[in-house]
Amino acid sequence: MKRPIILFQQIAKGGGRFFDFLGRVHPIAYLFFYLALVPLFAVIYTRLDGSFYAPYAQYEGAGSEDRRAVIEMLSTKLWHHLWCIDEQVNKAGGLWRFHTKELYILPKLKIEGSFVEFEAEIMLLKPERPNEPLTIPINRPVVVSRVPMQFGPIGRYPADWMQIKYNRKELEPTLQGFVSSAVPECETKLVGSETDRARVEAFVGGLNNDPLKVSGKFDRMLYFSVVVLTTLGFGDIVPMTPWSRRLVAGEAILGMIIMGLMLNAVATRARSKP
């Protein structure tokens, strides 16, 4: 019976010496270690693709920027496509021309399968003479068409397989006649690139509530690391896999331990002063 008691006393004595040693460490050292955990865990979190859920990611500033970037990309590609067609129409003396300042991508984008679906408003006008400057018409006949379109497929193929597509058979007759003048060169204006794919995937990541897909993922996970370390637990970013949950729990526990050691070091220094 005495042996377990003696063993326990020795362990307690050794533990006491260990905690005395920890108490002699300067509190600033603990503070630096505590703060260093924030970027360390943030880096780890950014490498855990698909491990977190953030229902507000698409509404953040970065999520809104991703949406604007996709709309701008779609608008630019479609504008170059229609401008290319317009050059062919102008050469052929066509009746209807593309109004270069009247192309509008509606901000409501949605995902259907592996495609981004959107609508574009396109204005055609009827000039009085060939090569007439296409300014906003006052007394020119105009046709405004809202055209359903899609961009993709996303994530399955090489980037140059992605392109803007629209059903030309369902277009308003005037616009249908206009786009029938397209040449192969005009079609290449609709094809995506690696940059386009990255923009779209970031936007889609926001719609799918994945905080690691939306732009600015390191800043987002840095914020999340602070929330975990300080045990605030806002709940706007949630770990969804076993490993991510273990890491989050480990960071919170480690943060509390270091904070306790820092307070112990402060108290030890206060007691040691004469």
# chains A, B, ... in the order shown; residues from 1 in each chain; ligands from 1
>>> residues_around(residues="Pro153 in chain A", least_positions_apart="3", cutoff="6 Å", atoms="only C-alpha atoms", output="list in words")
Ser114, Phe115 and Met162 of chain A
>>> select_by_dssp(residues="range 97-248 of chain A", states="alpha helix (DSSP H)", output="PyMOL selection string")
chain A and resi 173-179+184-188+194-207+217-229+242-248
>>> write_last_selection(atoms="N, CA and C atoms", output="tab-separated table (two decimals), in the first residue's frame")
chain	number	residue	atom	x	y	z
A	173	PRO	N	-36.18	36.74	-83.66
A	173	PRO	CA	-35.79	36.61	-85.08
A	173	PRO	C	-34.71	37.59	-85.54
A	174	THR	N	-34.81	38.84	-85.10
A	174	THR	CA	-33.80	39.82	-85.53
A	174	THR	C	-32.42	39.45	-84.99
A	175	LEU	N	-32.36	39.08	-83.71
A	175	LEU	CA	-31.08	38.68	-83.11
A	175	LEU	C	-30.59	37.38	-83.72
A	176	GLN	N	-31.51	36.49	-84.04
A	176	GLN	CA	-31.14	35.22	-84.66
A	176	GLN	C	-30.47	35.47	-86.01
A	177	GLY	N	-31.04	36.40	-86.78
A	177	GLY	CA	-30.43	36.74	-88.06
A	177	GLY	C	-29.06	37.39	-87.88
A	178	PHE	N	-28.93	38.17	-86.81
A	178	PHE	CA	-27.65	38.84	-86.55
A	178	PHE	C	-26.56	37.83	-86.24
A	179	VAL	N	-26.82	36.90	-85.32
A	179	VAL	CA	-25.77	35.96	-84.90
A	179	VAL	C	-25.49	34.90	-85.97
A	184	PRO	N	-16.08	31.34	-87.40
A	184	PRO	CA	-15.37	30.60	-86.34
A	184	PRO	C	-14.55	31.48	-85.41
A	185	GLU	N	-13.98	32.54	-85.94
A	185	GLU	CA	-13.19	33.45	-85.09
A	185	GLU	C	-14.05	34.05	-83.98
A	186	CYS	N	-15.30	34.33	-84.29
A	186	CYS	CA	-16.20	34.91	-83.29
A	186	CYS	C	-16.52	33.90	-82.19
A	187	GLU	N	-16.57	32.62	-82.55
A	187	GLU	CA	-16.90	31.60	-81.56
A	187	GLU	C	-15.79	31.45	-80.53
A	188	THR	N	-14.54	31.68	-80.95
A	188	THR	CA	-13.43	31.54	-80.01
A	188	THR	C	-13.49	32.58	-78.90
A	194	GLU	N	-7.91	29.42	-68.03
A	194	GLU	CA	-7.64	28.99	-66.65
A	194	GLU	C	-8.06	30.07	-65.65
A	195	THR	N	-7.82	31.32	-66.00
A	195	THR	CA	-8.23	32.42	-65.12
A	195	THR	C	-9.74	32.45	-64.96
A	196	ASP	N	-10.45	32.24	-66.07
A	196	ASP	CA	-11.91	32.22	-66.01
A	196	ASP	C	-12.40	31.09	-65.13
A	197	ARG	N	-11.77	29.93	-65.27
A	197	ARG	CA	-12.19	28.79	-64.46
A	197	ARG	C	-11.97	29.07	-62.98
A	198	ALA	N	-10.84	29.68	-62.64
A	198	ALA	CA	-10.56	30.00	-61.24
A	198	ALA	C	-11.61	30.95	-60.68
A	199	ARG	N	-11.99	31.95	-61.49
A	199	ARG	CA	-13.02	32.90	-61.05
A	199	ARG	C	-14.35	32.20	-60.80
A	200	VAL	N	-14.72	31.35	-61.75
A	200	VAL	CA	-16.02	30.67	-61.64
A	200	VAL	C	-16.02	29.70	-60.46
A	201	GLU	N	-14.93	28.97	-60.28
A	201	GLU	CA	-14.87	28.01	-59.18
A	201	GLU	C	-14.92	28.72	-57.82
A	202	ALA	N	-14.31	29.90	-57.73
A	202	ALA	CA	-14.40	30.67	-56.49
A	202	ALA	C	-15.85	31.10	-56.24
A	203	PHE	N	-16.51	31.55	-57.30
A	203	PHE	CA	-17.92	31.96	-57.18
A	203	PHE	C	-18.81	30.77	-56.81
A	204	VAL	N	-18.60	29.64	-57.47
A	204	VAL	CA	-19.39	28.45	-57.18
A	204	VAL	C	-19.12	27.97	-55.75
A	205	GLY	N	-17.87	28.09	-55.31
A	205	GLY	CA	-17.54	27.72	-53.94
A	205	GLY	C	-18.35	28.52	-52.93
A	206	GLY	N	-18.55	29.81	-53.23
A	206	GLY	CA	-19.37	30.63	-52.35
A	206	GLY	C	-20.82	30.17	-52.33
A	207	LEU	N	-21.35	29.84	-53.50
A	207	LEU	CA	-22.73	29.35	-53.57
A	207	LEU	C	-22.88	28.02	-52.83
A	217	LYS	N	-9.18	33.01	-48.89
A	217	LYS	CA	-9.41	31.94	-47.91
A	217	LYS	C	-8.47	32.03	-46.71
A	218	PHE	N	-7.22	32.51	-46.92
A	218	PHE	CA	-6.31	32.58	-45.77
A	218	PHE	C	-6.80	33.60	-44.75
A	219	ASP	N	-7.22	34.76	-45.21
A	219	ASP	CA	-7.74	35.77	-44.28
A	219	ASP	C	-8.96	35.24	-43.54
A	220	ARG	N	-9.79	34.49	-44.26
A	220	ARG	CA	-11.00	33.94	-43.64
A	220	ARG	C	-10.64	32.92	-42.56
A	221	MET	N	-9.68	32.06	-42.86
A	221	MET	CA	-9.31	31.04	-41.88
A	221	MET	C	-8.45	31.63	-40.76
A	222	LEU	N	-7.79	32.74	-41.02
A	222	LEU	CA	-7.07	33.45	-39.96
A	222	LEU	C	-8.08	33.98	-38.94
A	223	TYR	N	-9.15	34.55	-39.45
A	223	TYR	CA	-10.24	35.01	-38.57
A	223	TYR	C	-10.83	33.83	-37.80
A	224	PHE	N	-11.06	32.72	-38.51
A	224	PHE	CA	-11.63	31.54	-37.86
A	224	PHE	C	-10.71	31.02	-36.76
A	225	SER	N	-9.40	31.05	-37.02
A	225	SER	CA	-8.44	30.59	-36.03
A	225	SER	C	-8.49	31.45	-34.76
A	226	VAL	N	-8.64	32.76	-34.94
A	226	VAL	CA	-8.78	33.65	-33.78
A	226	VAL	C	-10.04	33.31	-32.99
A	227	VAL	N	-11.13	33.08	-33.70
A	227	VAL	CA	-12.40	32.75	-33.05
A	227	VAL	C	-12.28	31.45	-32.25
A	228	VAL	N	-11.59	30.47	-32.82
A	228	VAL	CA	-11.41	29.18	-32.13
A	228	VAL	C	-10.49	29.33	-30.93
A	229	LEU	N	-9.35	29.99	-31.13
A	229	LEU	CA	-8.35	30.11	-30.07
A	229	LEU	C	-8.89	30.85	-28.86
A	242	PRO	N	-14.16	14.78	-39.48
A	242	PRO	CA	-13.54	14.39	-38.20
A	242	PRO	C	-12.19	15.06	-37.96
A	243	TRP	N	-11.35	15.13	-38.99
A	243	TRP	CA	-10.03	15.73	-38.79
A	243	TRP	C	-10.12	17.22	-38.50
A	244	SER	N	-10.99	17.91	-39.20
A	244	SER	CA	-11.11	19.35	-38.95
A	244	SER	C	-11.66	19.60	-37.55
A	245	ARG	N	-12.56	18.76	-37.09
A	245	ARG	CA	-13.11	18.93	-35.74
A	245	ARG	C	-12.04	18.66	-34.67
A	246	ARG	N	-11.21	17.66	-34.92
A	246	ARG	CA	-10.13	17.38	-33.97
A	246	ARG	C	-9.15	18.55	-33.89
A	247	LEU	N	-8.82	19.10	-35.04
A	247	LEU	CA	-7.89	20.23	-35.06
A	247	LEU	C	-8.48	21.45	-34.36
A	248	VAL	N	-9.74	21.72	-34.62
A	248	VAL	CA	-10.39	22.87	-33.99
A	248	VAL	C	-10.44	22.68	-32.48
>>> closest_residue(among="A:Ile122, A:Ile44, A:Ala270, A:Ala265", to="Arg24 in chain A", atoms="only C-alpha atoms")
A:Ala265
>>> residues_around(residues="Ala267 in chain A", least_positions_apart="2", cutoff="12 Å", atoms="only C-alpha atoms", output="PyMOL selection string")
chain A and resi 20+22-27+260-265+269-273
>>> select_by_dssp(residues="range 87-246 of chain A", states="strand (DSSP E)", output="ChimeraX atom specification")
/A:97-105,110-112,115-125,142-152,163-165,238-239
>>> write_last_selection(atoms="C-alpha atoms", output="short mmCIF file (atom, residue, chain, number, x, y, z; two decimals), in the first residue's frame")
data_model
loop_
_atom_site.label_atom_id
_atom_site.label_comp_id
_atom_site.auth_asym_id
_atom_site.auth_seq_id
_atom_site.Cartn_x
_atom_site.Cartn_y
_atom_site.Cartn_z
CA ARG A 97 -26.03 46.23 -85.78
CA PHE A 98 -24.89 45.48 -82.24
CA HIS A 99 -25.18 48.47 -79.93
CA THR A 100 -21.78 48.22 -78.26
CA LYS A 101 -22.78 50.15 -75.14
CA GLU A 102 -25.97 48.23 -74.49
CA LEU A 103 -24.94 44.81 -73.24
CA TYR A 104 -26.07 43.96 -69.74
CA ILE A 105 -25.53 40.77 -67.74
CA LYS A 110 -27.32 30.40 -60.63
CA ILE A 111 -25.77 26.96 -60.89
CA GLU A 112 -27.52 24.20 -62.79
CA PHE A 115 -23.07 25.19 -65.66
CA VAL A 116 -23.47 28.79 -64.53
CA GLU A 117 -26.77 30.05 -65.93
CA PHE A 118 -27.38 33.74 -66.55
CA GLU A 119 -29.31 36.14 -68.74
CA ALA A 120 -27.97 38.86 -71.00
CA GLU A 121 -29.80 41.85 -72.44
CA ILE A 122 -28.58 42.68 -75.94
CA MET A 123 -29.60 45.71 -77.98
CA LEU A 124 -29.53 45.80 -81.76
CA LEU A 125 -30.21 48.96 -83.71
CA VAL A 142 -34.04 49.16 -81.83
CA VAL A 143 -34.55 45.60 -80.64
CA VAL A 144 -33.74 44.60 -77.06
CA SER A 145 -33.55 40.88 -76.36
CA ARG A 146 -33.10 39.05 -73.06
CA VAL A 147 -31.20 35.87 -73.84
CA PRO A 148 -30.79 32.88 -71.46
CA MET A 149 -27.19 31.68 -71.52
CA GLN A 150 -24.88 29.34 -69.66
CA PHE A 151 -21.15 29.05 -69.07
CA GLY A 152 -19.39 25.77 -68.44
CA GLN A 163 -17.54 28.45 -73.08
CA ILE A 164 -20.62 30.62 -73.16
CA LYS A 165 -23.49 28.83 -74.86
CA VAL A 238 -18.19 25.19 -39.01
CA PRO A 239 -15.84 22.16 -39.22
#
>>> residues_around(residues="Cys84 in chain A", least_positions_apart="2", cutoff="9 Å", atoms="only C-alpha atoms", output="list in words")
Trp79, His80, His81, Leu82, Asp86, Glu87, Gln88, Val89, Ala182, Val183, Glu185, Cys186, Glu187 and Lys189 of chain A
>>> write_last_selection(atoms="all heavy atoms", output="tab-separated table (two decimals), in the first residue's frame")
chain	number	residue	atom	x	y	z
A	79	TRP	N	-19.28	40.46	-75.13
A	79	TRP	CA	-19.11	41.70	-75.89
A	79	TRP	C	-18.18	41.47	-77.08
A	79	TRP	O	-18.48	41.89	-78.20
A	79	TRP	CB	-18.53	42.79	-74.98
A	79	TRP	CG	-18.49	44.15	-75.61
A	79	TRP	CD1	-19.44	45.11	-75.53
A	79	TRP	CD2	-17.44	44.68	-76.44
A	79	TRP	NE1	-19.06	46.22	-76.25
A	79	TRP	CE2	-17.84	45.99	-76.82
A	79	TRP	CE3	-16.22	44.20	-76.89
A	79	TRP	CZ2	-17.05	46.80	-77.63
A	79	TRP	CZ3	-15.43	45.00	-77.71
A	79	TRP	CH2	-15.84	46.29	-78.07
A	80	HIS	N	-17.05	40.81	-76.85
A	80	HIS	CA	-16.11	40.55	-77.95
A	80	HIS	C	-16.73	39.63	-79.01
A	80	HIS	O	-16.49	39.79	-80.21
A	80	HIS	CB	-14.82	39.93	-77.41
A	80	HIS	CG	-13.92	40.92	-76.73
A	80	HIS	ND1	-13.28	41.93	-77.41
A	80	HIS	CD2	-13.56	41.07	-75.43
A	80	HIS	CE1	-12.56	42.65	-76.57
A	80	HIS	NE2	-12.72	42.16	-75.36
A	81	HIS	N	-17.54	38.69	-78.56
A	81	HIS	CA	-18.23	37.79	-79.49
A	81	HIS	C	-19.19	38.58	-80.38
A	81	HIS	O	-19.17	38.44	-81.62
A	81	HIS	CB	-18.99	36.74	-78.67
A	81	HIS	CG	-19.93	35.90	-79.47
A	81	HIS	ND1	-19.53	35.01	-80.44
A	81	HIS	CD2	-21.30	35.82	-79.44
A	81	HIS	CE1	-20.58	34.41	-80.97
A	81	HIS	NE2	-21.67	34.89	-80.38
A	82	LEU	N	-20.01	39.43	-79.77
A	82	LEU	CA	-20.99	40.19	-80.54
A	82	LEU	C	-20.32	41.26	-81.40
A	82	LEU	O	-20.77	41.55	-82.52
A	82	LEU	CB	-22.00	40.84	-79.59
A	82	LEU	CG	-22.89	39.85	-78.82
A	82	LEU	CD1	-23.70	40.58	-77.76
A	82	LEU	CD2	-23.81	39.09	-79.76
A	86	ASP	N	-20.64	41.71	-85.30
A	86	ASP	CA	-21.03	43.01	-85.86
A	86	ASP	C	-20.11	43.43	-87.00
A	86	ASP	O	-20.56	44.02	-87.99
A	86	ASP	CB	-21.03	44.06	-84.75
A	86	ASP	CG	-21.53	45.41	-85.23
A	86	ASP	OD1	-22.76	45.55	-85.38
A	86	ASP	OD2	-20.69	46.29	-85.48
A	87	GLU	N	-18.83	43.14	-86.87
A	87	GLU	CA	-17.89	43.48	-87.95
A	87	GLU	C	-18.24	42.73	-89.22
A	87	GLU	O	-18.17	43.29	-90.32
A	87	GLU	CB	-16.46	43.15	-87.51
A	87	GLU	CG	-15.91	44.10	-86.45
A	87	GLU	CD	-14.47	43.77	-86.09
A	87	GLU	OE1	-14.10	42.57	-86.12
A	87	GLU	OE2	-13.71	44.71	-85.80
A	88	GLN	N	-18.65	41.47	-89.07
A	88	GLN	CA	-19.05	40.69	-90.25
A	88	GLN	C	-20.34	41.24	-90.86
A	88	GLN	O	-20.47	41.34	-92.08
A	88	GLN	CB	-19.24	39.21	-89.87
A	88	GLN	CG	-18.05	38.57	-89.17
A	88	GLN	CD	-16.79	38.65	-90.00
A	88	GLN	OE1	-16.81	38.42	-91.22
A	88	GLN	NE2	-15.68	38.98	-89.36
A	89	VAL	N	-21.27	41.61	-89.98
A	89	VAL	CA	-22.54	42.17	-90.45
A	89	VAL	C	-22.31	43.49	-91.18
A	89	VAL	O	-22.90	43.75	-92.24
A	89	VAL	CB	-23.51	42.37	-89.26
A	89	VAL	CG1	-24.74	43.16	-89.69
A	89	VAL	CG2	-23.92	41.03	-88.67
A	182	ALA	N	-22.06	34.87	-87.64
A	182	ALA	CA	-20.85	34.55	-86.87
A	182	ALA	C	-19.91	33.66	-87.69
A	182	ALA	O	-20.35	32.76	-88.40
A	182	ALA	CB	-21.22	33.85	-85.57
A	183	VAL	N	-18.63	33.94	-87.57
A	183	VAL	CA	-17.59	33.12	-88.20
A	183	VAL	C	-16.86	32.39	-87.07
A	183	VAL	O	-17.00	32.73	-85.90
A	183	VAL	CB	-16.62	34.00	-89.02
A	183	VAL	CG1	-17.35	34.65	-90.18
A	183	VAL	CG2	-15.96	35.05	-88.13
A	185	GLU	N	-13.98	32.54	-85.94
A	185	GLU	CA	-13.19	33.45	-85.09
A	185	GLU	C	-14.05	34.05	-83.98
A	185	GLU	O	-13.58	34.24	-82.86
A	185	GLU	CB	-12.59	34.56	-85.95
A	185	GLU	CG	-11.77	35.56	-85.17
A	185	GLU	CD	-11.36	36.76	-86.00
A	185	GLU	OE1	-11.55	36.73	-87.24
A	185	GLU	OE2	-10.86	37.73	-85.41
A	186	CYS	N	-15.30	34.33	-84.29
A	186	CYS	CA	-16.20	34.91	-83.29
A	186	CYS	C	-16.52	33.90	-82.19
A	186	CYS	O	-16.73	34.28	-81.03
A	186	CYS	CB	-17.49	35.39	-83.94
A	186	CYS	SG	-17.23	36.65	-85.22
A	187	GLU	N	-16.57	32.62	-82.55
A	187	GLU	CA	-16.90	31.60	-81.56
A	187	GLU	C	-15.79	31.45	-80.53
A	187	GLU	O	-16.03	31.12	-79.37
A	187	GLU	CB	-17.16	30.26	-82.25
A	187	GLU	CG	-18.28	30.29	-83.28
A	187	GLU	CD	-19.59	30.78	-82.71
A	187	GLU	OE1	-19.94	30.39	-81.58
A	187	GLU	OE2	-20.26	31.58	-83.39
A	189	LYS	N	-14.21	33.67	-79.13
A	189	LYS	CA	-14.32	34.72	-78.11
A	189	LYS	C	-15.11	34.24	-76.89
A	189	LYS	O	-15.05	34.85	-75.83
A	189	LYS	CB	-15.02	35.96	-78.68
A	189	LYS	CG	-14.45	36.47	-79.99
A	189	LYS	CD	-13.05	37.02	-79.84
A	189	LYS	CE	-12.57	37.62	-81.15
A	189	LYS	NZ	-11.17	38.10	-81.08
>>> atom_distance(atom1="CA of Ala62 in chain A", atom2="CA of Ser215 in chain A")
5.6 Å
>>> atom_distance(atom1="CA of Tyr166 in chain A", atom2="CA of Ala57 in chain A")
29.5 Å
